[in-house]
Amino acid sequence: MKDEGVCASSVSAVLLDGKSLGLRIEGELAERVTSLKSLGIEPHLAVVLAGNDPASHVYVRNKERACERTGIRSTLIDLPENVSQEELMQVVADLNADDTVHGILVQSPTPAGTNELEITEAIDPTKDVDGFHPMNLGRLVMGQSDGLLPCTPAGVMAMIADAKIDLIGAKAVVIGRSRIVGMPLALLLAQKGIDATVTIAHSRTQDAAKICREADLIVAAIGRPATVMADWIKPGATVIDVGINRVVDESRDSGSRLAGDVDPAAAEIAGYITPVPGGVGPMTIAMLMSNTVRAAEMSLE
Ligand code: NAP
C-alpha cells in the first residue's frame, strides 16, 4: 500500500523525495548540535580532499554546505594530486589525535599510487563517519546496526523507513556488491527487525531481469545508466536507484545530465521510486551529518 508522499502526475509511482527528507533529518540534527554545543562540544567534521577530481570537489562542497545547515564545524584539508601515501597517513594520524575532531572523511578516490584501503583502516573507528572501517563493517555483519553505518546504505534504509515500507518477508534484490553500497545494504535489509530475504546480484549474475521480476524491492547500485529496465519490475515494487551517471544530453547547455541506473520508464510500473538526482544522493549527505553528530555524542559516553 502506498503511503503519503510526493507524487508526480506523469508517473504512477510515489517518488521518494530524498532531498526533502534529507533536509528534515538535518533539521533534527541541528537541534542535537545545539544541545551538544550547550555541553561545550562542537561537532567537527574534517574532510581530506586530495587531488583535482572535479566530481570530488563538488561532493566535498555539498558536504560543507550540509555542515553549515546543521551547525557542524567543518575543516577542509586540501592536498595536492602528488601527495604521498605517507603524507596522507600522517594527516589521518594527526586528525585521530585531535580531540576537537569527531569525524574524519577521506574523499574517494584518493590519487593514483595511494592505497585507499590502508588509509580507511588507519582512521580511528570512533571517528569513521564514512562507516567503511573494518571494525564498523564487522559490527554490521554481527547484527549491530547502532554504530557508524556506511552513509549511502543508511540513507536508503532511512528512506524506506520514512515511507513506512514494510519489508518483513519481502523479496529484495540488491544489484551491486561493493563494500560501500551493495554489501552493507544487503546486510541491513536482511537484519533482524527489517527481515527482507535478500538476493545480491552482480556483473556475473545470470538473468538478473528474471530475479528482479519476483522482487518487492530492487536496489540498483551499479554505475551504468538504464541497466534496470521497466519490464524487470513487478507492478507496485519499490525501486531505489543509487546510481549516479553522467550521460550525454544535447538538449542541455552543458551537453550532459545526471542519470541513475534505472530506466525512467520504470516509474510507470513501480509503487515507489527514487528520482536521480534528488533521491539517494541528498540522503547520503544527511547520513554523513548524522554520523558526525553521533560520533560527537559518543565522545561524551
Ligand atoms: P562499484 O564499486 O563500481 O560496484 C558496482 C557493482 O555493480 C559491482 O558489484 C558490479 O559487479 C555490479 N555491476 C556492474 N555491471 C553490472 C551489470 N551489468 N549487472 C549487474 N551488476 C553489475 O560502484 P559503487 O561504488 O557501489 O557505486 C554504484 C553506483 O552508485 C555508481 O553510479 C556510484 O556513482 C553510485 N553511488 C551513489 C551514491 C549516492 O550518494 N547516491 C553513493 C555511492 C555510490 P562486480 O562486483 O561483479 O564487478
# chains A, B, ... in the order shown; residues from 1 in each chain; ligands from 1
>>> residues_near_ligand(ligand="ligand 1", cutoff="7 Å", atoms="only C-alpha atoms and all ligand atoms", output="list in words")
Thr152, Ile175, Gly176, Arg177, Ser178, Ile180, Val181, Gly182, Ala201, His202, Ser203, Arg204, Thr205, Ala208, Ala221, Ile222, Gly223, Arg224, Thr227, Val242, Gly243, Ile244, Asn245, Val280, Gly281, Pro282 and Thr284 of chain A
>>> residues_around(residues="Asp162 of chain A", least_positions_apart="4", cutoff="9 Å", atoms="only C-alpha atoms", output="list in words")
Leu21, Met157 and Ala158 of chain A
>>> select_by_dssp(residues="segment 16-257 of chain A", states="alpha helix (DSSP H)", output="ChimeraX atom specification")
/A:18-38,54-70,85-97,116-122,134-141,151-162,182-190,208-213
>>> residues_around(residues="Leu137 of chain A", least_positions_apart="6", cutoff="10 Å", atoms="only C-alpha atoms", output="PDB file with C-alpha atoms, in the first residue's frame")
ATOM      1  CA  GLY A 131      31.424   3.792   8.139  1.00  0.00           C
ATOM      2  CA  GLN A 144      24.921  -4.433  15.388  1.00  0.00           C
ATOM      3  CA  SER A 145      23.486  -1.565  13.385  1.00  0.00           C
ATOM      4  CA  GLY A 147      27.061   2.362  15.304  1.00  0.00           C
ATOM      5  CA  LEU A 148      28.568   4.351  12.450  1.00  0.00           C
ATOM      6  CA  LEU A 149      26.920   2.900   9.339  1.00  0.00           C
ATOM      7  CA  PRO A 150      28.025   3.498   5.741  1.00  0.00           C
ATOM      8  CA  ARG A 179      31.916  -2.586   0.065  1.00  0.00           C
ATOM      9  CA  ILE A 180      30.497   0.957   0.199  1.00  0.00           C
ATOM     10  CA  MET A 183      27.193  -5.403   0.522  1.00  0.00           C
ATOM     11  CA  PRO A 184      26.404  -3.281   3.607  1.00  0.00           C
ATOM     12  CA  LEU A 187      23.209  -6.823   5.390  1.00  0.00           C
TER      13      LEU A 187
END
>>> residues_around(residues="Ala13 of chain A", least_positions_apart="5", cutoff="8 Å", atoms="only C-alpha atoms", output="list of chain:residue names")
A:Cys7, A:Ala8, A:Gly236, A:Ala267, A:Glu268, A:Ile269, A:Ala270, A:Gly271, A:Tyr272, A:Ile273
>>> residues_around(residues="Thr197 of chain A", least_positions_apart="3", cutoff="9 Å", atoms="only C-alpha atoms", output="JSON, numbers by chain")
{"A": [167, 168, 169, 170, 171, 172, 173, 189, 190]}
>>> residues_around(residues="segment 63-80 of chain A", least_positions_apart="2", cutoff="7 Å", atoms="only C-alpha atoms", output="PyMOL selection string")
chain A and resi 26-27+29-30+33+42-51+59-61+82-83+285+289
>>> atom_distance(atom1="atom CA of Ala265 of chain A", atom2="atom CA of Asp241 of chain A")
12.9 Å
>>> atom_distance(atom1="atom CA of Thr292 of chain A", atom2="atom CA of Thr100 of chain A")
12.2 Å
